[in-house]
Amino acid sequence: MPSIDEEREVLESGVFIAVFSSALLVVVGLFWGFPWQALLLLVVVSVAIGGLISGMTLADVRSAARRKALTHGALTTWAGRNGGSFGTTVAAFTGDAQGWESPASPRFRGELLAVGRPQGVEVGVACCVEDVGEAGTAVTAVLVRLRGQRPPARLSRREIRRLDLPQGVDSVETGDRELLVRYEGWPHSSSAVDVLVDAAVHLATNSHDVGDS
């Protein structure tokens with residue numbers, strides 16, 4: 001759920017909109033000589049619109065908070081089942097006895113982070129919101145540590161469609177000892193995380209699909 005500060009900010013914005021628009025309507029109405037009944041009606045409508053905007057914004061904030069909570073639980077469960085760790089900052093993995101390599105990658109950044117070793121392969125999962133559009137775009141990046149070096153490669157949309165990957169794949173690329181698969185959206189269950197990770201690990205084991213061993 002959103003914090004009290006976030007809810008207060010939304011409500012304060014709604015009050016500001018209602019007060020400002022009402023004052024503006026009153027000034028304009030007085031200037032043009034509108035009857036007080038008409039001014040009162042305009043103020044009521046203005047307040048109602050401000051309340052509606054605040055309600056819709058608050059609903060969006062609460063919905064986003066619920067989605068984040070689901071993803072938080074999904075990554076925590078996935079990491080626990082795969083001998084890994086969960087954190088909200090890269091610093092949370094510093095000094096871990098497991099000696100994770102994924103946190104050192106510049107691609108391992110986001111609001112919710114997890115590492116694990118499914119099938120004996122180190123995998124990092126990073127969920128972030130990129131500033132694309134008004135609300136931003138939710139993205140899940142799955143990083144698979146490769147056993148050997150791969151030359152830099154990025155698959156085209158056509159090549160991605162030919163692969164047996166889940167829906168919502170945004171991009172696939174390799175570099176150094178890392179395979180990166182970016183998906184649109186955030187997973188809301190540990191089984192959904194499994195689907196994304198398993199597909200990336202399977203792709204990493206097939207050198208002919210992207211890059212060379």
# chains A, B, ... in the order shown; residues from 1 in each chain; ligands from 1

call {"tool": "select_by_dssp", "arguments": {"residues": "segment 93-151 of chain A", "states": "strand (DSSP E or B)", "output": "list in words"}}
result
Leu112, Leu113, Ala114, Val115, Gly116, Val123, Gly124, Val125, Ala126, Cys127, Cys128, Val129, Glu130, Thr137, Ala138, Val139, Thr140, Ala141, Val142, Leu143, Val144, Arg145, Leu146, Arg147, Gly148, Gln149, Arg150 and Pro151 of chain A

call {"tool": "residues_around", "arguments": {"residues": "Val115 of chain A", "least_positions_apart": "2", "cutoff": "9 Å", "atoms": "only C-alpha atoms", "output": "NGL selection string"}}
result
:A and (75 or 78-79 or 82-87 or 93 or 100 or 102-103 or 113 or 117 or 122-126)

call {"tool": "atom_distance", "arguments": {"atom1": "atom CA of Arg161 of chain A", "atom2": "atom CA of Cys128 of chain A"}}
result
23.8 Å

call {"tool": "closest_residue", "arguments": {"among": "A:Ala65, A:Leu143, A:Ser156, A:Gly116", "to": "Gly99 of chain A", "atoms": "only C-alpha atoms"}}
result
A:Gly116

call {"tool": "atom_distance", "arguments": {"atom1": "atom CA of Arg162 of chain A", "atom2": "atom CA of Asp176 of chain A"}}
result
23.9 Å

call {"tool": "residues_around", "arguments": {"residues": "Asp170 of chain A", "least_positions_apart": "3", "cutoff": "7 Å", "atoms": "only C-alpha atoms", "output": "list in words"}}
result
Arg182, Tyr183 and Glu184 of chain A

call {"tool": "residues_around", "arguments": {"residues": "Ala199 of chain A", "least_positions_apart": "6", "cutoff": "8 Å", "atoms": "only C-alpha atoms", "output": "ChimeraX atom specification"}}
result
/A:164-166

call {"tool": "residues_around", "arguments": {"residues": "Arg147 of chain A", "least_positions_apart": "4", "cutoff": "10 Å", "atoms": "only C-alpha atoms", "output": "ChimeraX atom specification"}}
result
/A:121-122,177-178,204-205,213

call {"tool": "atom_distance", "arguments": {"atom1": "atom CA of Leu70 of chain A", "atom2": "atom CA of Asp194 of chain A"}}
result
14.7 Å

call {"tool": "select_by_dssp", "arguments": {"residues": "segment 8-213 of chain A", "states": "alpha helix (DSSP H)", "output": "MDAnalysis selection string"}}
result
chainID A and resid 8:32 36:81 157:162 190:204

call {"tool": "closest_residue", "arguments": {"among": "A:Leu155, A:Ala192, A:Leu163, A:Met56", "to": "Asn206 of chain A", "atoms": "only C-alpha atoms"}}
result
A:Leu163

call {"tool": "decode", "arguments": {"residues": "segment 34-73 of chain A", "atoms": "N, CA and C atoms", "output": "PDB file, in the first residue's frame"}}
result
ATOM      1  N   PHE A  34     -21.822  37.428 -13.608  1.00  0.00           N
ATOM      2  CA  PHE A  34     -22.675  36.245 -13.499  1.00  0.00           C
ATOM      3  C   PHE A  34     -23.502  36.326 -12.215  1.00  0.00           C
ATOM      4  N   PRO A  35     -24.723  35.815 -12.205  1.00  0.00           N
ATOM      5  CA  PRO A  35     -25.521  35.770 -10.969  1.00  0.00           C
ATOM      6  C   PRO A  35     -24.880  34.822  -9.964  1.00  0.00           C
ATOM      7  N   TRP A  36     -25.144  35.068  -8.669  1.00  0.00           N
ATOM      8  CA  TRP A  36     -24.476  34.257  -7.644  1.00  0.00           C
ATOM      9  C   TRP A  36     -24.864  32.788  -7.723  1.00  0.00           C
ATOM     10  N   GLN A  37     -26.095  32.513  -8.220  1.00  0.00           N
ATOM     11  CA  GLN A  37     -26.508  31.112  -8.359  1.00  0.00           C
ATOM     12  C   GLN A  37     -25.610  30.363  -9.357  1.00  0.00           C
ATOM     13  N   ALA A  38     -25.280  31.061 -10.439  1.00  0.00           N
ATOM     14  CA  ALA A  38     -24.413  30.438 -11.450  1.00  0.00           C
ATOM     15  C   ALA A  38     -23.011  30.241 -10.901  1.00  0.00           C
ATOM     16  N   LEU A  39     -22.531  31.236 -10.123  1.00  0.00           N
ATOM     17  CA  LEU A  39     -21.195  31.107  -9.526  1.00  0.00           C
ATOM     18  C   LEU A  39     -21.140  29.930  -8.562  1.00  0.00           C
ATOM     19  N   LEU A  40     -22.193  29.786  -7.761  1.00  0.00           N
ATOM     20  CA  LEU A  40     -22.241  28.685  -6.808  1.00  0.00           C
ATOM     21  C   LEU A  40     -22.216  27.337  -7.523  1.00  0.00           C
ATOM     22  N   LEU A  41     -22.974  27.251  -8.624  1.00  0.00           N
ATOM     23  CA  LEU A  41     -23.003  26.008  -9.398  1.00  0.00           C
ATOM     24  C   LEU A  41     -21.623  25.694  -9.972  1.00  0.00           C
ATOM     25  N   LEU A  42     -20.942  26.719 -10.487  1.00  0.00           N
ATOM     26  CA  LEU A  42     -19.611  26.512 -11.046  1.00  0.00           C
ATOM     27  C   LEU A  42     -18.621  26.050  -9.982  1.00  0.00           C
ATOM     28  N   VAL A  43     -18.724  26.631  -8.776  1.00  0.00           N
ATOM     29  CA  VAL A  43     -17.825  26.233  -7.693  1.00  0.00           C
ATOM     30  C   VAL A  43     -18.067  24.777  -7.304  1.00  0.00           C
ATOM     31  N   VAL A  44     -19.340  24.393  -7.218  1.00  0.00           N
ATOM     32  CA  VAL A  44     -19.675  23.006  -6.868  1.00  0.00           C
ATOM     33  C   VAL A  44     -19.121  22.040  -7.914  1.00  0.00           C
ATOM     34  N   VAL A  45     -19.304  22.380  -9.185  1.00  0.00           N
ATOM     35  CA  VAL A  45     -18.784  21.529 -10.269  1.00  0.00           C
ATOM     36  C   VAL A  45     -17.264  21.446 -10.196  1.00  0.00           C
ATOM     37  N   SER A  46     -16.611  22.584  -9.927  1.00  0.00           N
ATOM     38  CA  SER A  46     -15.147  22.611  -9.842  1.00  0.00           C
ATOM     39  C   SER A  46     -14.643  21.724  -8.712  1.00  0.00           C
ATOM     40  N   VAL A  47     -15.292  21.809  -7.554  1.00  0.00           N
ATOM     41  CA  VAL A  47     -14.895  20.980  -6.418  1.00  0.00           C
ATOM     42  C   VAL A  47     -15.109  19.498  -6.727  1.00  0.00           C
ATOM     43  N   ALA A  48     -16.220  19.200  -7.409  1.00  0.00           N
ATOM     44  CA  ALA A  48     -16.511  17.811  -7.757  1.00  0.00           C
ATOM     45  C   ALA A  48     -15.455  17.252  -8.709  1.00  0.00           C
ATOM     46  N   ILE A  49     -15.052  18.065  -9.688  1.00  0.00           N
ATOM     47  CA  ILE A  49     -14.016  17.627 -10.634  1.00  0.00           C
ATOM     48  C   ILE A  49     -12.692  17.405  -9.916  1.00  0.00           C
ATOM     49  N   GLY A  50     -12.340  18.330  -9.002  1.00  0.00           N
ATOM     50  CA  GLY A  50     -11.104  18.156  -8.226  1.00  0.00           C
ATOM     51  C   GLY A  50     -11.123  16.892  -7.403  1.00  0.00           C
ATOM     52  N   GLY A  51     -12.285  16.611  -6.789  1.00  0.00           N
ATOM     53  CA  GLY A  51     -12.408  15.379  -6.013  1.00  0.00           C
ATOM     54  C   GLY A  51     -12.292  14.135  -6.880  1.00  0.00           C
ATOM     55  N   LEU A  52     -12.879  14.198  -8.079  1.00  0.00           N
ATOM     56  CA  LEU A  52     -12.805  13.062  -9.001  1.00  0.00           C
ATOM     57  C   LEU A  52     -11.372  12.794  -9.433  1.00  0.00           C
ATOM     58  N   ILE A  53     -10.647  13.867  -9.756  1.00  0.00           N
ATOM     59  CA  ILE A  53      -9.249  13.716 -10.167  1.00  0.00           C
ATOM     60  C   ILE A  53      -8.421  13.122  -9.032  1.00  0.00           C
ATOM     61  N   SER A  54      -8.641  13.608  -7.806  1.00  0.00           N
ATOM     62  CA  SER A  54      -7.899  13.090  -6.657  1.00  0.00           C
ATOM     63  C   SER A  54      -8.210  11.612  -6.424  1.00  0.00           C
ATOM     64  N   GLY A  55      -9.492  11.262  -6.562  1.00  0.00           N
ATOM     65  CA  GLY A  55      -9.884   9.863  -6.365  1.00  0.00           C
ATOM     66  C   GLY A  55      -9.252   8.936  -7.383  1.00  0.00           C
ATOM     67  N   MET A  56      -9.234   9.369  -8.650  1.00  0.00           N
ATOM     68  CA  MET A  56      -8.632   8.541  -9.702  1.00  0.00           C
ATOM     69  C   MET A  56      -7.124   8.413  -9.505  1.00  0.00           C
ATOM     70  N   THR A  57      -6.477   9.522  -9.127  1.00  0.00           N
ATOM     71  CA  THR A  57      -5.030   9.486  -8.904  1.00  0.00           C
ATOM     72  C   THR A  57      -4.686   8.590  -7.728  1.00  0.00           C
ATOM     73  N   LEU A  58      -5.464   8.713  -6.639  1.00  0.00           N
ATOM     74  CA  LEU A  58      -5.214   7.895  -5.457  1.00  0.00           C
ATOM     75  C   LEU A  58      -5.422   6.410  -5.765  1.00  0.00           C
ATOM     76  N   ALA A  59      -6.418   6.113  -6.589  1.00  0.00           N
ATOM     77  CA  ALA A  59      -6.657   4.718  -6.983  1.00  0.00           C
ATOM     78  C   ALA A  59      -5.474   4.168  -7.774  1.00  0.00           C
ATOM     79  N   ASP A  60      -4.911   4.994  -8.666  1.00  0.00           N
ATOM     80  CA  ASP A  60      -3.741   4.577  -9.449  1.00  0.00           C
ATOM     81  C   ASP A  60      -2.537   4.329  -8.533  1.00  0.00           C
ATOM     82  N   VAL A  61      -2.346   5.224  -7.552  1.00  0.00           N
ATOM     83  CA  VAL A  61      -1.225   5.079  -6.622  1.00  0.00           C
ATOM     84  C   VAL A  61      -1.368   3.789  -5.815  1.00  0.00           C
ATOM     85  N   ARG A  62      -2.576   3.514  -5.340  1.00  0.00           N
ATOM     86  CA  ARG A  62      -2.801   2.293  -4.545  1.00  0.00           C
ATOM     87  C   ARG A  62      -2.648   1.042  -5.398  1.00  0.00           C
ATOM     88  N   SER A  63      -3.101   1.111  -6.654  1.00  0.00           N
ATOM     89  CA  SER A  63      -2.963  -0.032  -7.557  1.00  0.00           C
ATOM     90  C   SER A  63      -1.491  -0.332  -7.824  1.00  0.00           C
ATOM     91  N   ALA A  64      -0.692   0.725  -8.056  1.00  0.00           N
ATOM     92  CA  ALA A  64       0.741   0.545  -8.291  1.00  0.00           C
ATOM     93  C   ALA A  64       1.419  -0.035  -7.062  1.00  0.00           C
ATOM     94  N   ALA A  65       0.983   0.402  -5.872  1.00  0.00           N
ATOM     95  CA  ALA A  65       1.572  -0.110  -4.635  1.00  0.00           C
ATOM     96  C   ALA A  65       1.242  -1.593  -4.454  1.00  0.00           C
ATOM     97  N   ARG A  66       0.014  -1.995  -4.809  1.00  0.00           N
ATOM     98  CA  ARG A  66      -0.358  -3.412  -4.708  1.00  0.00           C
ATOM     99  C   ARG A  66       0.462  -4.263  -5.672  1.00  0.00           C
ATOM    100  N   ARG A  67       0.644  -3.760  -6.904  1.00  0.00           N
ATOM    101  CA  ARG A  67       1.447  -4.503  -7.887  1.00  0.00           C
ATOM    102  C   ARG A  67       2.894  -4.650  -7.408  1.00  0.00           C
ATOM    103  N   LYS A  68       3.432  -3.578  -6.818  1.00  0.00           N
ATOM    104  CA  LYS A  68       4.805  -3.633  -6.316  1.00  0.00           C
ATOM    105  C   LYS A  68       4.924  -4.635  -5.177  1.00  0.00           C
ATOM    106  N   ALA A  69       3.900  -4.678  -4.304  1.00  0.00           N
ATOM    107  CA  ALA A  69       3.921  -5.622  -3.182  1.00  0.00           C
ATOM    108  C   ALA A  69       3.885  -7.063  -3.685  1.00  0.00           C
ATOM    109  N   LEU A  70       3.100  -7.321  -4.736  1.00  0.00           N
ATOM    110  CA  LEU A  70       3.031  -8.667  -5.307  1.00  0.00           C
ATOM    111  C   LEU A  70       4.380  -9.075  -5.896  1.00  0.00           C
ATOM    112  N   THR A  71       5.013  -8.160  -6.629  1.00  0.00           N
ATOM    113  CA  THR A  71       6.312  -8.459  -7.219  1.00  0.00           C
ATOM    114  C   THR A  71       7.366  -8.649  -6.129  1.00  0.00           C
ATOM    115  N   HIS A  72       7.294  -7.845  -5.087  1.00  0.00           N
ATOM    116  CA  HIS A  72       8.208  -7.991  -3.941  1.00  0.00           C
ATOM    117  C   HIS A  72       8.125  -9.407  -3.386  1.00  0.00           C
ATOM    118  N   GLY A  73       6.892  -9.872  -3.148  1.00  0.00           N
ATOM    119  CA  GLY A  73       6.719 -11.229  -2.627  1.00  0.00           C
ATOM    120  C   GLY A  73       7.168 -12.290  -3.605  1.00  0.00           C
TER     121      GLY A  73
END
